[in-house]
$ cat run33.cif   # mmCIF, C-alpha atoms
data_structure
loop_
_atom_site.group_PDB
_atom_site.id
_atom_site.type_symbol
_atom_site.label_atom_id
_atom_site.label_comp_id
_atom_site.auth_asym_id
_atom_site.auth_seq_id
_atom_site.Cartn_x
_atom_site.Cartn_y
_atom_site.Cartn_z
ATOM 1 C CA MET B 1 116.241 67.380 113.321
ATOM 2 C CA ASN B 2 114.636 69.091 110.363
ATOM 3 C CA ASN B 3 114.714 72.864 110.753
ATOM 4 C CA VAL B 4 112.294 73.650 107.921
ATOM 5 C CA SER B 5 108.709 74.201 108.920
ATOM 6 C CA GLY B 6 105.722 75.631 107.133
ATOM 7 C CA LEU B 7 102.153 76.264 108.125
ATOM 8 C CA THR B 8 98.726 75.246 106.961
ATOM 9 C CA LEU B 9 95.501 76.876 108.051
ATOM 10 C CA ARG B 10 92.604 75.359 109.971
ATOM 11 C CA GLY B 11 90.120 78.218 109.897
ATOM 12 C CA VAL B 12 92.107 81.157 111.253
ATOM 13 C CA LYS B 13 94.513 79.003 113.270
ATOM 14 C CA GLY B 14 97.942 78.133 111.951
ATOM 15 C CA VAL B 15 98.967 74.477 112.170
ATOM 16 C CA PRO B 16 102.708 73.756 111.832
ATOM 17 C CA VAL B 17 103.897 71.448 109.067
ATOM 18 C CA GLU B 18 107.341 69.873 109.130
ATOM 19 C CA VAL B 19 108.820 69.587 105.633
ATOM 20 C CA GLU B 20 111.168 66.637 105.148
ATOM 21 C CA VAL B 21 113.023 66.049 101.881
ATOM 22 C CA GLU B 22 115.060 63.113 100.661
ATOM 23 C CA ILE B 23 116.946 63.252 97.362
ATOM 24 C CA THR B 24 118.187 59.977 95.837
ATOM 25 C CA GLY B 25 119.664 58.965 92.473
ATOM 26 C CA GLY B 26 117.689 58.181 89.352
ATOM 27 C CA LEU B 27 115.613 60.117 86.878
ATOM 28 C CA PHE B 28 114.238 63.415 88.104
ATOM 29 C CA SER B 29 110.862 63.226 89.800
ATOM 30 C CA ILE B 30 109.167 64.878 92.749
ATOM 31 C CA SER B 31 106.608 63.158 94.932
ATOM 32 C CA VAL B 32 104.683 64.819 97.749
ATOM 33 C CA VAL B 33 103.048 62.827 100.541
ATOM 34 C CA GLY B 34 101.136 63.926 103.623
ATOM 35 C CA LEU B 35 97.506 64.764 102.736
ATOM 36 C CA ALA B 36 98.398 67.555 100.298
ATOM 37 C CA ASP B 37 95.616 69.223 98.292
ATOM 38 C CA THR B 38 95.910 70.080 94.604
ATOM 39 C CA ALA B 39 97.564 73.480 95.207
ATOM 40 C CA VAL B 40 100.265 71.849 97.344
ATOM 41 C CA LYS B 41 100.872 69.105 94.774
ATOM 42 C CA GLU B 42 101.174 71.784 92.068
ATOM 43 C CA ALA B 43 103.972 73.307 94.150
ATOM 44 C CA ARG B 44 106.314 70.736 92.586
ATOM 45 C CA GLU B 45 106.436 72.687 89.319
ATOM 46 C CA ARG B 46 106.542 76.143 90.920
ATOM 47 C CA VAL B 47 109.309 75.115 93.303
ATOM 48 C CA ARG B 48 111.452 73.415 90.666
ATOM 49 C CA ALA B 49 111.301 76.445 88.336
ATOM 50 C CA ALA B 50 111.897 78.915 91.195
ATOM 51 C CA LEU B 51 114.903 76.941 92.457
ATOM 52 C CA ARG B 52 116.373 76.832 88.960
ATOM 53 C CA ALA B 53 115.883 80.623 88.666
ATOM 54 C CA ALA B 54 117.797 80.997 91.961
ATOM 55 C CA GLY B 55 120.671 78.900 90.643
ATOM 56 C CA VAL B 56 119.789 75.618 92.381
ATOM 57 C CA ASN B 57 119.523 72.603 90.086
ATOM 58 C CA ILE B 58 118.053 69.537 91.731
ATOM 59 C CA ARG B 59 118.761 66.133 90.213
ATOM 60 C CA GLY B 60 117.387 62.700 91.088
ATOM 61 C CA ARG B 61 114.259 61.507 92.819
ATOM 62 C CA VAL B 62 112.877 63.957 95.374
ATOM 63 C CA SER B 63 110.551 62.705 98.092
ATOM 64 C CA ILE B 64 108.769 65.365 100.145
ATOM 65 C CA ASN B 65 106.964 64.420 103.348
ATOM 66 C CA LEU B 66 104.613 66.938 104.945
ATOM 67 C CA ALA B 67 104.134 65.949 108.585
ATOM 68 C CA PRO B 68 101.968 65.292 110.468
ATOM 69 C CA ALA B 69 100.551 63.008 107.788
ATOM 70 C CA ASP B 70 97.003 63.084 109.133
ATOM 71 C CA VAL B 71 96.523 66.879 108.886
ATOM 72 C CA PRO B 72 95.199 68.144 105.516
ATOM 73 C CA LYS B 73 97.557 70.668 103.865
ATOM 74 C CA GLU B 74 96.040 73.413 101.699
ATOM 75 C CA GLY B 75 97.116 76.290 99.516
ATOM 76 C CA ALA B 76 100.350 77.604 98.105
ATOM 77 C CA LEU B 77 101.867 78.865 101.358
ATOM 78 C CA LEU B 78 103.965 75.672 101.579
ATOM 79 C CA ASP B 79 105.885 76.547 98.371
ATOM 80 C CA LEU B 80 108.623 78.377 100.270
ATOM 81 C CA PRO B 81 109.311 75.760 102.962
ATOM 82 C CA ILE B 82 109.388 73.040 100.283
ATOM 83 C CA ALA B 83 111.936 75.046 98.257
ATOM 84 C CA VAL B 84 114.074 75.723 101.341
ATOM 85 C CA ALA B 85 113.974 72.049 102.366
ATOM 86 C CA MET B 86 114.960 70.943 98.847
ATOM 87 C CA ALA B 87 117.834 73.450 98.687
ATOM 88 C CA SER B 88 118.965 72.327 102.139
ATOM 89 C CA ALA B 89 118.764 68.598 101.256
ATOM 90 C CA SER B 90 120.860 69.273 98.132
ATOM 91 C CA GLY B 91 123.545 70.995 100.244
ATOM 92 C CA TYR B 92 123.062 74.435 98.657
ATOM 93 C CA ILE B 93 122.063 76.095 101.942
ATOM 94 C CA SER B 94 121.772 75.199 105.592
ATOM 95 C CA VAL B 95 119.062 76.298 107.973
ATOM 96 C CA PRO B 96 120.920 76.869 111.255
ATOM 97 C CA ALA B 97 117.966 76.971 113.641
ATOM 98 C CA PRO B 98 114.336 75.914 113.580
ATOM 99 C CA SER B 99 112.592 78.420 111.331
ATOM 100 C CA LEU B 100 109.141 78.908 109.859
ATOM 101 C CA PHE B 101 108.773 79.727 106.162
ATOM 102 C CA ILE B 102 105.581 80.658 104.304
ATOM 103 C CA GLY B 103 105.014 81.981 100.801
ATOM 104 C CA GLU B 104 103.903 81.196 97.294
ATOM 105 C CA LEU B 105 106.630 81.083 94.659
ATOM 106 C CA ALA B 106 106.518 82.560 91.181
ATOM 107 C CA LEU B 107 108.385 80.634 88.493
ATOM 108 C CA ASP B 108 111.174 83.243 88.529
ATOM 109 C CA GLY B 109 111.760 82.825 92.287
ATOM 110 C CA ARG B 110 109.793 85.858 93.508
ATOM 111 C CA LEU B 111 107.617 85.410 96.595
ATOM 112 C CA ARG B 112 103.938 86.213 96.428
ATOM 113 C CA GLY B 113 101.929 87.197 99.464
ATOM 114 C CA VAL B 114 99.704 84.586 101.094
ATOM 115 C CA ARG B 115 96.886 84.474 103.566
ATOM 116 C CA GLY B 116 97.989 83.076 106.897
ATOM 117 C CA ALA B 117 100.870 85.431 107.636
ATOM 118 C CA VAL B 118 99.364 86.714 110.899
ATOM 119 C CA PRO B 119 98.651 83.222 112.301
ATOM 120 C CA ALA B 120 102.214 82.302 111.262
ATOM 121 C CA ALA B 121 103.577 85.340 113.132
ATOM 122 C CA PHE B 122 101.691 84.384 116.289
ATOM 123 C CA PHE B 123 102.907 80.778 116.008
ATOM 124 C CA ALA B 124 106.527 81.914 115.499
ATOM 125 C CA LYS B 125 106.272 84.295 118.464
ATOM 126 C CA GLU B 126 104.756 81.644 120.761
ATOM 127 C CA ASN B 127 107.458 79.128 119.800
ATOM 128 C CA ASN B 128 110.339 81.640 119.724
ATOM 129 C CA ILE B 129 111.397 80.826 116.166
ATOM 130 C CA GLU B 130 112.267 83.027 113.208
ATOM 131 C CA LEU B 131 109.669 83.586 110.499
ATOM 132 C CA PHE B 132 110.404 84.241 106.832
ATOM 133 C CA ILE B 133 107.502 85.684 104.818
ATOM 134 C CA PRO B 134 106.859 87.342 101.454
ATOM 135 C CA ALA B 135 107.540 91.095 101.483
ATOM 136 C CA ASP B 136 103.869 91.613 100.553
ATOM 137 C CA ASN B 137 102.899 90.312 104.010
ATOM 138 C CA ALA B 138 105.318 92.509 105.994
ATOM 139 C CA ALA B 139 102.811 95.228 106.943
ATOM 140 C CA GLU B 140 100.356 92.827 108.590
ATOM 141 C CA VAL B 141 103.093 90.836 110.340
ATOM 142 C CA SER B 142 104.622 94.056 111.730
ATOM 143 C CA LEU B 143 101.519 94.367 113.935
ATOM 144 C CA VAL B 144 102.386 91.157 115.832
ATOM 145 C CA GLU B 145 104.606 92.512 118.575
ATOM 146 C CA GLY B 146 107.451 90.210 119.564
ATOM 147 C CA ALA B 147 107.535 88.157 116.359
ATOM 148 C CA ARG B 148 111.027 87.791 114.843
ATOM 149 C CA ALA B 149 110.086 88.035 111.185
ATOM 150 C CA TYR B 150 111.925 88.776 107.955
ATOM 151 C CA ALA B 151 110.394 90.003 104.698
ATOM 152 C CA VAL B 152 111.756 88.279 101.596
ATOM 153 C CA GLU B 153 111.432 89.429 97.970
ATOM 154 C CA ASP B 154 112.762 86.277 96.279
ATOM 155 C CA LEU B 155 114.661 83.005 96.777
ATOM 156 C CA ARG B 156 118.048 84.491 95.880
ATOM 157 C CA GLU B 157 117.708 87.046 98.684
ATOM 158 C CA LEU B 158 116.647 84.381 101.202
ATOM 159 C CA PHE B 159 119.416 81.975 100.192
ATOM 160 C CA ALA B 160 122.041 84.748 100.479
ATOM 161 C CA HIS B 161 120.761 85.379 104.024
ATOM 162 C CA LEU B 162 120.828 81.686 104.970
ATOM 163 C CA ARG B 163 124.340 81.302 103.538
ATOM 164 C CA GLY B 164 125.537 84.319 105.566
ATOM 165 C CA GLU B 165 126.344 86.358 102.441
ATOM 166 C CA ARG B 166 123.794 89.088 103.091
ATOM 167 C CA ARG B 167 121.754 89.878 106.181
ATOM 168 C CA LEU B 168 118.013 90.486 106.031
ATOM 169 C CA GLU B 169 116.760 93.132 108.432
ATOM 170 C CA PRO B 170 113.989 92.073 110.837
ATOM 171 C CA ILE B 171 110.561 93.584 110.262
ATOM 172 C CA ALA B 172 110.099 96.483 112.670
ATOM 173 C CA ALA B 173 107.083 96.218 114.958
ATOM 174 C CA ARG B 174 104.460 98.924 114.635
ATOM 175 C CA LYS B 175 101.363 99.852 116.565
ATOM 176 C CA ILE B 176 97.876 100.324 115.207
ATOM 177 C CA GLU B 177 97.049 104.022 115.157
ATOM 178 C CA ASP B 178 93.752 105.165 116.700
#

$ encode --input "run33.cif" --output "structure tokens"
Amino acid sequence: MNNVSGLTLRGVKGVPVEVEVEITGGLFSISVVGLADTAVKEARERVRAALRAAGVNIRGRVSINLAPADVPKEGALLDLPIAVAMASASGYISVPAPSLFIGELALDGRLRGVRGAVPAAFFAKENNIELFIPADNAAEVSLVEGARAYAVEDLRELFAHLRGERRLEPIAARKIED
């Protein structure tokens, strides 16, 4: 089972996207299938540069499937799950349990905030899975009581967490003040 999931938005509702990656021999190339819009297809370059900045060099042909295939995928919030799936497929990290990842990557591996963090938090809470989000989205996600979410600054920090080298602290829940 693939443990790397992302999210795409349909209005204000989050729709889960399973990210599958296969890496085979040959010249380097990345192909993305699964009704991806231009921003998602551009993720190939952002993800490759961000992975390299985090010390992960991917070689060979990379095939990325975004399932379900019949649901349109939009925006840059799939950058992070694609990077995690590629790092996992290359053996650099393992994702021990089903987890949800969202975030746009900068070329140096930093995570940029995205819209869709609150729907992602509700989805993660309803499905009892961990959520990894950009640190910029931590304040809004902290309002979703019961979500097990972690704020991430960059890929190196996330990979250290997933490899068991450093533990991220869960985002503390907070209430809206009157």

$ residues_around --input "run33.cif" --residues "range 98-109 of chain B" --least-positions-apart "3" --cutoff "7 Å" --atoms "only C-alpha atoms" --output "PDB file with C-alpha atoms, in the coordinates of the input"
ATOM      1  CA  ASN B   3     114.714  72.864 110.753  1.00  0.00           C
ATOM      2  CA  VAL B   4     112.294  73.650 107.921  1.00  0.00           C
ATOM      3  CA  SER B   5     108.709  74.201 108.920  1.00  0.00           C
ATOM      4  CA  GLY B   6     105.722  75.631 107.133  1.00  0.00           C
ATOM      5  CA  LEU B   7     102.153  76.264 108.125  1.00  0.00           C
ATOM      6  CA  ARG B  46     106.542  76.143  90.920  1.00  0.00           C
ATOM      7  CA  VAL B  47     109.309  75.115  93.303  1.00  0.00           C
ATOM      8  CA  ALA B  49     111.301  76.445  88.336  1.00  0.00           C
ATOM      9  CA  ALA B  50     111.897  78.915  91.195  1.00  0.00           C
ATOM     10  CA  LEU B  51     114.903  76.941  92.457  1.00  0.00           C
ATOM     11  CA  ALA B  53     115.883  80.623  88.666  1.00  0.00           C
ATOM     12  CA  ALA B  54     117.797  80.997  91.961  1.00  0.00           C
ATOM     13  CA  ALA B  76     100.350  77.604  98.105  1.00  0.00           C
ATOM     14  CA  LEU B  77     101.867  78.865 101.358  1.00  0.00           C
ATOM     15  CA  LEU B  78     103.965  75.672 101.579  1.00  0.00           C
ATOM     16  CA  ASP B  79     105.885  76.547  98.371  1.00  0.00           C
ATOM     17  CA  LEU B  80     108.623  78.377 100.270  1.00  0.00           C
ATOM     18  CA  PRO B  81     109.311  75.760 102.962  1.00  0.00           C
ATOM     19  CA  ARG B 112     103.938  86.213  96.428  1.00  0.00           C
ATOM     20  CA  GLY B 113     101.929  87.197  99.464  1.00  0.00           C
ATOM     21  CA  VAL B 114      99.704  84.586 101.094  1.00  0.00           C
ATOM     22  CA  ALA B 124     106.527  81.914 115.499  1.00  0.00           C
ATOM     23  CA  ILE B 129     111.397  80.826 116.166  1.00  0.00           C
ATOM     24  CA  GLU B 130     112.267  83.027 113.208  1.00  0.00           C
ATOM     25  CA  LEU B 131     109.669  83.586 110.499  1.00  0.00           C
ATOM     26  CA  PHE B 132     110.404  84.241 106.832  1.00  0.00           C
ATOM     27  CA  ILE B 133     107.502  85.684 104.818  1.00  0.00           C
ATOM     28  CA  PRO B 134     106.859  87.342 101.454  1.00  0.00           C
ATOM     29  CA  ASP B 154     112.762  86.277  96.279  1.00  0.00           C
ATOM     30  CA  LEU B 155     114.661  83.005  96.777  1.00  0.00           C
TER      31      LEU B 155
END

$ resolve_selection --input "run33.cif" --expression "the PyMOL selection byres ((chain B and resi 116) around 10)" --output "PyMOL selection string"
chain B and resi 7-14+77+102-103+113-115+117-121+137+141

$ resolve_selection --input "run33.cif" --expression "the PyMOL selection byres ((chain B and resi 174) around 7)" --output "NGL selection string"
:B and (142-143 or 172-173 or 175-176)

$ closest_residue --input "run33.cif" --among "B:Ala147, B:Val40, B:Val152, B:Leu162" --to "Tyr92 in chain B" --atoms "all atoms listed in the file"
B:Leu162

$ closest_residue --input "run33.cif" --among "B:Ala139, B:Ala149, B:Ala83, B:Ala97" --to "Phe122 in chain B" --atoms "all atoms listed in the file"
B:Ala149

$ closest_residue --input "run33.cif" --among "B:Gly26, B:Gly91, B:Pro170, B:Pro68" --to "Val56 in chain B" --atoms "all atoms listed in the file"
B:Gly91

$ resolve_selection --input "run33.cif" --expression "the PyMOL selection byres ((chain B and resi 74) around 6)" --output "NGL selection string"
:B and (37 or 73 or 75)

$ write_last_selection --input "run33.cif" --atoms "C-alpha atoms" --output "PDB file, keeping the file's coordinate frame"
ATOM      1  CA  ASP B  37      95.616  69.223  98.292  1.00  0.00           C
ATOM      2  CA  LYS B  73      97.557  70.668 103.865  1.00  0.00           C
ATOM      3  CA  GLY B  75      97.116  76.290  99.516  1.00  0.00           C
TER       4      GLY B  75
END

$ atom_distance --input "run33.cif" --atom1 "CA of Ala69 in chain B" --atom2 "CA of Val33 in chain B"
7.7 Å

$ closest_residue --input "run33.cif" --among "B:Glu165, B:Glu20, B:Glu126, B:Glu45" --to "Val144 in chain B" --atoms "all atoms listed in the file"
B:Glu126

$ closest_residue --input "run33.cif" --among "B:Lys41, B:Lys125, B:Arg163, B:Arg52" --to "Glu145 in chain B" --atoms "all atoms listed in the file"
B:Lys125

$ axis_aligned_box --input "run33.cif" --around "range 79-95 of chain B" --padding-each-side "4 Å" --output "AutoDock Vina command-line options"
--center_x 114.7 --center_y 73.5 --center_z 103.1 --size_x 25.7 --size_y 17.8 --size_z 17.8

$ atom_distance --input "run33.cif" --atom1 "CA of Arg166 in chain B" --atom2 "CA of Val62 in chain B"
28.5 Å

$ residues_near_point --input "run33.cif" --point "(118.8, 59.9, 96.6)" --cutoff "7 Å" --atoms "only C-alpha atoms" --output "MDAnalysis selection string"
chainID B and resid 22:25 60:61

$ write_last_selection --input "run33.cif" --atoms "C-alpha atoms" --output "PDB file, keeping the file's coordinate frame"
ATOM      1  CA  GLU B  22     115.060  63.113 100.661  1.00  0.00           C
ATOM      2  CA  ILE B  23     116.946  63.252  97.362  1.00  0.00           C
ATOM      3  CA  THR B  24     118.187  59.977  95.837  1.00  0.00           C
ATOM      4  CA  GLY B  25     119.664  58.965  92.473  1.00  0.00           C
ATOM      5  CA  GLY B  60     117.387  62.700  91.088  1.00  0.00           C
ATOM      6  CA  ARG B  61     114.259  61.507  92.819  1.00  0.00           C
TER       7      ARG B  61
END

$ residues_around --input "run33.cif" --residues "Ser63 in chain B" --least-positions-apart "5" --cutoff "6 Å" --atoms "all atoms listed in the file" --output "MDAnalysis selection string"
chainID B and resid 21:22 30:31

$ closest_residue --input "run33.cif" --among "B:Arg48, B:Arg110, B:Arg148, B:Arg156" --to "Asn128 in chain B" --atoms "only C-alpha atoms"
B:Arg148

$ atom_distance --input "run33.cif" --atom1 "CA of Arg59 in chain B" --atom2 "CA of Glu153 in chain B"
25.6 Å

$ residues_around --input "run33.cif" --residues "Val71 in chain B" --least-positions-apart "4" --cutoff "8 Å" --atoms "all atoms listed in the file" --output "list in words"
Gly34, Leu35 and Ala67 of chain B

$ build_atoms --input "run33.cif" --residues "range 8-19 of chain B" --atoms "all heavy atoms" --output "compact mmCIF listing (two decimals), in the coordinates of the input"
# COMPACT_ATOMS: atom_id res chain seq x y z
N THR B 8 99.98 75.35 107.69
CA THR B 8 98.73 75.25 106.96
C THR B 8 97.66 75.84 107.86
O THR B 8 97.86 76.00 109.06
CB THR B 8 98.41 73.78 106.56
OG1 THR B 8 97.34 73.79 105.61
CG2 THR B 8 98.07 72.91 107.75
N LEU B 9 96.55 76.21 107.28
CA LEU B 9 95.50 76.88 108.05
C LEU B 9 94.35 75.93 108.34
O LEU B 9 93.92 75.16 107.49
CB LEU B 9 94.98 78.09 107.29
CG LEU B 9 95.98 79.21 107.04
CD1 LEU B 9 95.37 80.29 106.17
CD2 LEU B 9 96.47 79.80 108.35
N ARG B 10 93.85 76.01 109.55
CA ARG B 10 92.60 75.36 109.97
C ARG B 10 91.72 76.49 110.45
O ARG B 10 91.88 76.94 111.58
CB ARG B 10 92.84 74.37 111.12
CG ARG B 10 93.52 73.11 110.72
CD ARG B 10 92.48 72.13 110.19
NE ARG B 10 92.87 71.40 109.02
CZ ARG B 10 92.76 71.78 107.75
NH1 ARG B 10 92.32 72.92 107.40
NH2 ARG B 10 93.08 71.00 106.77
N GLY B 11 90.88 77.01 109.57
CA GLY B 11 90.12 78.22 109.90
C GLY B 11 91.09 79.38 109.95
O GLY B 11 91.78 79.66 108.98
N VAL B 12 91.16 80.05 111.10
CA VAL B 12 92.11 81.16 111.25
C VAL B 12 93.32 80.75 112.07
O VAL B 12 94.18 81.58 112.36
CB VAL B 12 91.44 82.40 111.90
CG1 VAL B 12 90.37 82.96 110.99
CG2 VAL B 12 90.87 82.07 113.27
N LYS B 13 93.40 79.50 112.46
CA LYS B 13 94.51 79.00 113.27
C LYS B 13 95.59 78.39 112.38
O LYS B 13 95.29 77.65 111.45
CB LYS B 13 93.99 77.95 114.25
CG LYS B 13 95.03 77.42 115.22
CD LYS B 13 94.36 76.48 116.20
CE LYS B 13 95.25 75.81 117.20
NZ LYS B 13 96.62 76.02 117.22
N GLY B 14 96.82 78.71 112.68
CA GLY B 14 97.94 78.13 111.95
C GLY B 14 98.36 76.81 112.56
O GLY B 14 98.49 76.69 113.78
N VAL B 15 98.53 75.80 111.73
CA VAL B 15 98.97 74.48 112.17
C VAL B 15 100.34 74.22 111.55
O VAL B 15 100.49 74.27 110.33
CB VAL B 15 97.96 73.38 111.73
CG1 VAL B 15 98.45 72.01 112.15
CG2 VAL B 15 96.57 73.67 112.28
N PRO B 16 101.36 73.95 112.38
CA PRO B 16 102.71 73.76 111.83
C PRO B 16 102.81 72.49 110.99
O PRO B 16 102.15 71.48 111.27
CB PRO B 16 103.59 73.65 113.08
CG PRO B 16 102.67 73.20 114.16
CD PRO B 16 101.32 73.77 113.83
N VAL B 17 103.64 72.57 109.96
CA VAL B 17 103.90 71.45 109.07
C VAL B 17 105.41 71.30 108.95
O VAL B 17 106.09 72.25 108.55
CB VAL B 17 103.28 71.69 107.67
CG1 VAL B 17 103.67 70.57 106.72
CG2 VAL B 17 101.78 71.86 107.76
N GLU B 18 105.92 70.14 109.30
CA GLU B 18 107.34 69.87 109.13
C GLU B 18 107.56 69.37 107.71
O GLU B 18 106.84 68.49 107.24
CB GLU B 18 107.82 68.83 110.13
CG GLU B 18 109.32 68.61 110.06
CD GLU B 18 109.83 67.63 111.11
OE1 GLU B 18 109.04 67.23 111.98
OE2 GLU B 18 111.01 67.28 111.04
N VAL B 19 108.53 69.96 107.01
CA VAL B 19 108.82 69.59 105.63
C VAL B 19 110.13 68.79 105.62
O VAL B 19 111.18 69.32 105.96
CB VAL B 19 108.94 70.83 104.72
CG1 VAL B 19 109.23 70.42 103.29
CG2 VAL B 19 107.66 71.66 104.79
